Amino acid sequence: MIVRSFKDIEGPDRLVKAKSGTWESKRIILAKEHVGFSLGETILYAGTETSMWYADHVEAVLCVEGEAELTNDETGEKYPIAPGPMYLLYGLEKHTLHIKNDFRCVCVFIPPVTGRYDHYENGLYPLVTEPEG
């Protein structure tokens with residue numbers, strides 16, 4: 001059993017701040033827990049824009065605070081995101097979040113993230129795995 005709080009998160013693999021300065025993420029469950037997914041809380045900062053692409057991951061995102069506009073970069077479709085709605089990225093969608101005010105969300109990744117990386121310049125997250133054990 002694991003009992004852990006977002007407020008207790010410390011260390012470079014659990015508290016990740018983007019080099020771009022646009023977001024920070026508290027990774028509460030990581031690949032090293034070997035449960036098949038990772039769970040984190042991410043805050044994206046007001047007035048920023050972050051382009052992302054998960055070619056190797058499925059991500060579910062639940063907004064719990066703030067407002068953003070989600071753009072599917074491949075189709076041009078735009079979606080307002082505020083507390084309540086979730087979105088699921090499962091088709092390798094390239095997407096951009098335009099943050100209106102500080103945007104806090106809970107994210108689940110499959111396969112799980114390790115917490116040791118940031119997005120590449122093209123928005124991609126690398127696929128990094130943990131050894132079994």
# chains A, B, ... in the order shown; residues from 1 in each chain; ligands from 1
>>> residues_around(residues="range 12-29 of chain A", least_positions_apart="4", cutoff="8 Å", atoms="only C-alpha atoms", output="list in words")
Arg4, Ser5, Phe6, Glu33, Phe37, Ser38, Leu39, Gly40, Glu41, Thr42, Ile43, Leu44, Tyr45, Thr48, Glu49, Thr50, Thr114, Gly115, Arg116, Tyr117, Asp118 and His119 of chain A
>>> residues_around(residues="Lys94 in chain A", least_positions_apart="5", cutoff="7 Å", atoms="only C-alpha atoms", output="list in words")
Met52, Trp53, Asn72, Asp73 and Glu74 of chain A
>>> select_by_dssp(residues="range 11-95 of chain A", states="strand (DSSP E or B)", output="ChimeraX atom specification")
/A:15-17,23-29,38-44,49-53,58-72,78-81,86-89,94-95
>>> closest_residue(among="A:Ala31, A:Leu70, A:Ala46, A:Val113", to="His95 in chain A", atoms="only C-alpha atoms")
A:Leu70
>>> closest_residue(among="A:Ile99, A:Lys32, A:Val106, A:Lys7", to="Gly66 in chain A", atoms="only C-alpha atoms")
A:Ile99
>>> atom_distance(atom1="CA of Pro85 in chain A", atom2="CA of Leu62 in chain A")
6.3 Å
>>> atom_distance(atom1="CA of Tyr79 in chain A", atom2="CA of Asn101 in chain A")
15.5 Å
>>> closest_residue(among="A:Arg104, A:Phe109, A:Lys78, A:Asp56", to="Leu92 in chain A", atoms="only C-alpha atoms")
A:Asp56
>>> residues_around(residues="Cys63 in chain A", least_positions_apart="6", cutoff="9 Å", atoms="only C-alpha atoms", output="list in words")
Ile81, Ala82, Pro83, Gly84, Pro85, Met86, Tyr87, Phe103, Arg104, Cys105, Val106 and Cys107 of chain A
>>> select_by_dssp(residues="range 2-122 of chain A", states="helix (DSSP H, G or I)", output="number ranges by chain")
A: 6-8, 31-33
>>> atom_distance(atom1="CA of Gly76 in chain A", atom2="CA of Tyr90 in chain A")
17.1 Å
>>> decode(residues="range 17-31 of chain A", atoms="N, CA and C atoms", output="PDB file, in the first residue's frame")
ATOM      1  N   LYS A  17      10.091  20.709 -12.912  1.00  0.00           N
ATOM      2  CA  LYS A  17       9.774  22.044 -13.415  1.00  0.00           C
ATOM      3  C   LYS A  17      10.288  22.135 -14.840  1.00  0.00           C
ATOM      4  N   ALA A  18       9.408  22.525 -15.754  1.00  0.00           N
ATOM      5  CA  ALA A  18       9.778  22.609 -17.162  1.00  0.00           C
ATOM      6  C   ALA A  18      10.881  23.628 -17.384  1.00  0.00           C
ATOM      7  N   LYS A  19      11.834  23.272 -18.247  1.00  0.00           N
ATOM      8  CA  LYS A  19      12.895  24.217 -18.604  1.00  0.00           C
ATOM      9  C   LYS A  19      12.309  25.472 -19.228  1.00  0.00           C
ATOM     10  N   SER A  20      11.157  25.333 -19.882  1.00  0.00           N
ATOM     11  CA  SER A  20      10.491  26.469 -20.535  1.00  0.00           C
ATOM     12  C   SER A  20       9.906  27.442 -19.519  1.00  0.00           C
ATOM     13  N   GLY A  21       9.730  26.979 -18.261  1.00  0.00           N
ATOM     14  CA  GLY A  21       9.132  27.819 -17.233  1.00  0.00           C
ATOM     15  C   GLY A  21       7.616  27.906 -17.324  1.00  0.00           C
ATOM     16  N   THR A  22       6.993  27.079 -18.157  1.00  0.00           N
ATOM     17  CA  THR A  22       5.543  27.163 -18.360  1.00  0.00           C
ATOM     18  C   THR A  22       4.733  26.264 -17.437  1.00  0.00           C
ATOM     19  N   TRP A  23       5.376  25.281 -16.800  1.00  0.00           N
ATOM     20  CA  TRP A  23       4.631  24.361 -15.942  1.00  0.00           C
ATOM     21  C   TRP A  23       5.543  23.701 -14.918  1.00  0.00           C
ATOM     22  N   GLU A  24       4.891  23.108 -13.903  1.00  0.00           N
ATOM     23  CA  GLU A  24       5.577  22.223 -12.960  1.00  0.00           C
ATOM     24  C   GLU A  24       4.640  21.070 -12.658  1.00  0.00           C
ATOM     25  N   SER A  25       5.221  19.937 -12.334  1.00  0.00           N
ATOM     26  CA  SER A  25       4.420  18.741 -12.101  1.00  0.00           C
ATOM     27  C   SER A  25       4.901  18.014 -10.857  1.00  0.00           C
ATOM     28  N   LYS A  26       3.952  17.608 -10.034  1.00  0.00           N
ATOM     29  CA  LYS A  26       4.241  16.772  -8.863  1.00  0.00           C
ATOM     30  C   LYS A  26       3.832  15.354  -9.238  1.00  0.00           C
ATOM     31  N   ARG A  27       4.820  14.473  -9.308  1.00  0.00           N
ATOM     32  CA  ARG A  27       4.593  13.092  -9.751  1.00  0.00           C
ATOM     33  C   ARG A  27       4.406  12.213  -8.521  1.00  0.00           C
ATOM     34  N   ILE A  28       3.179  11.826  -8.250  1.00  0.00           N
ATOM     35  CA  ILE A  28       2.880  11.099  -7.010  1.00  0.00           C
ATOM     36  C   ILE A  28       3.047   9.590  -7.168  1.00  0.00           C
ATOM     37  N   ILE A  29       2.784   9.071  -8.366  1.00  0.00           N
ATOM     38  CA  ILE A  29       3.040   7.656  -8.662  1.00  0.00           C
ATOM     39  C   ILE A  29       3.873   7.625  -9.938  1.00  0.00           C
ATOM     40  N   LEU A  30       4.991   6.925  -9.891  1.00  0.00           N
ATOM     41  CA  LEU A  30       5.913   6.845 -11.021  1.00  0.00           C
ATOM     42  C   LEU A  30       6.091   5.400 -11.482  1.00  0.00           C
ATOM     43  N   ALA A  31       6.795   5.243 -12.584  1.00  0.00           N
ATOM     44  CA  ALA A  31       7.053   3.911 -13.130  1.00  0.00           C
ATOM     45  C   ALA A  31       7.709   2.988 -12.112  1.00  0.00           C
TER      46      ALA A  31
END
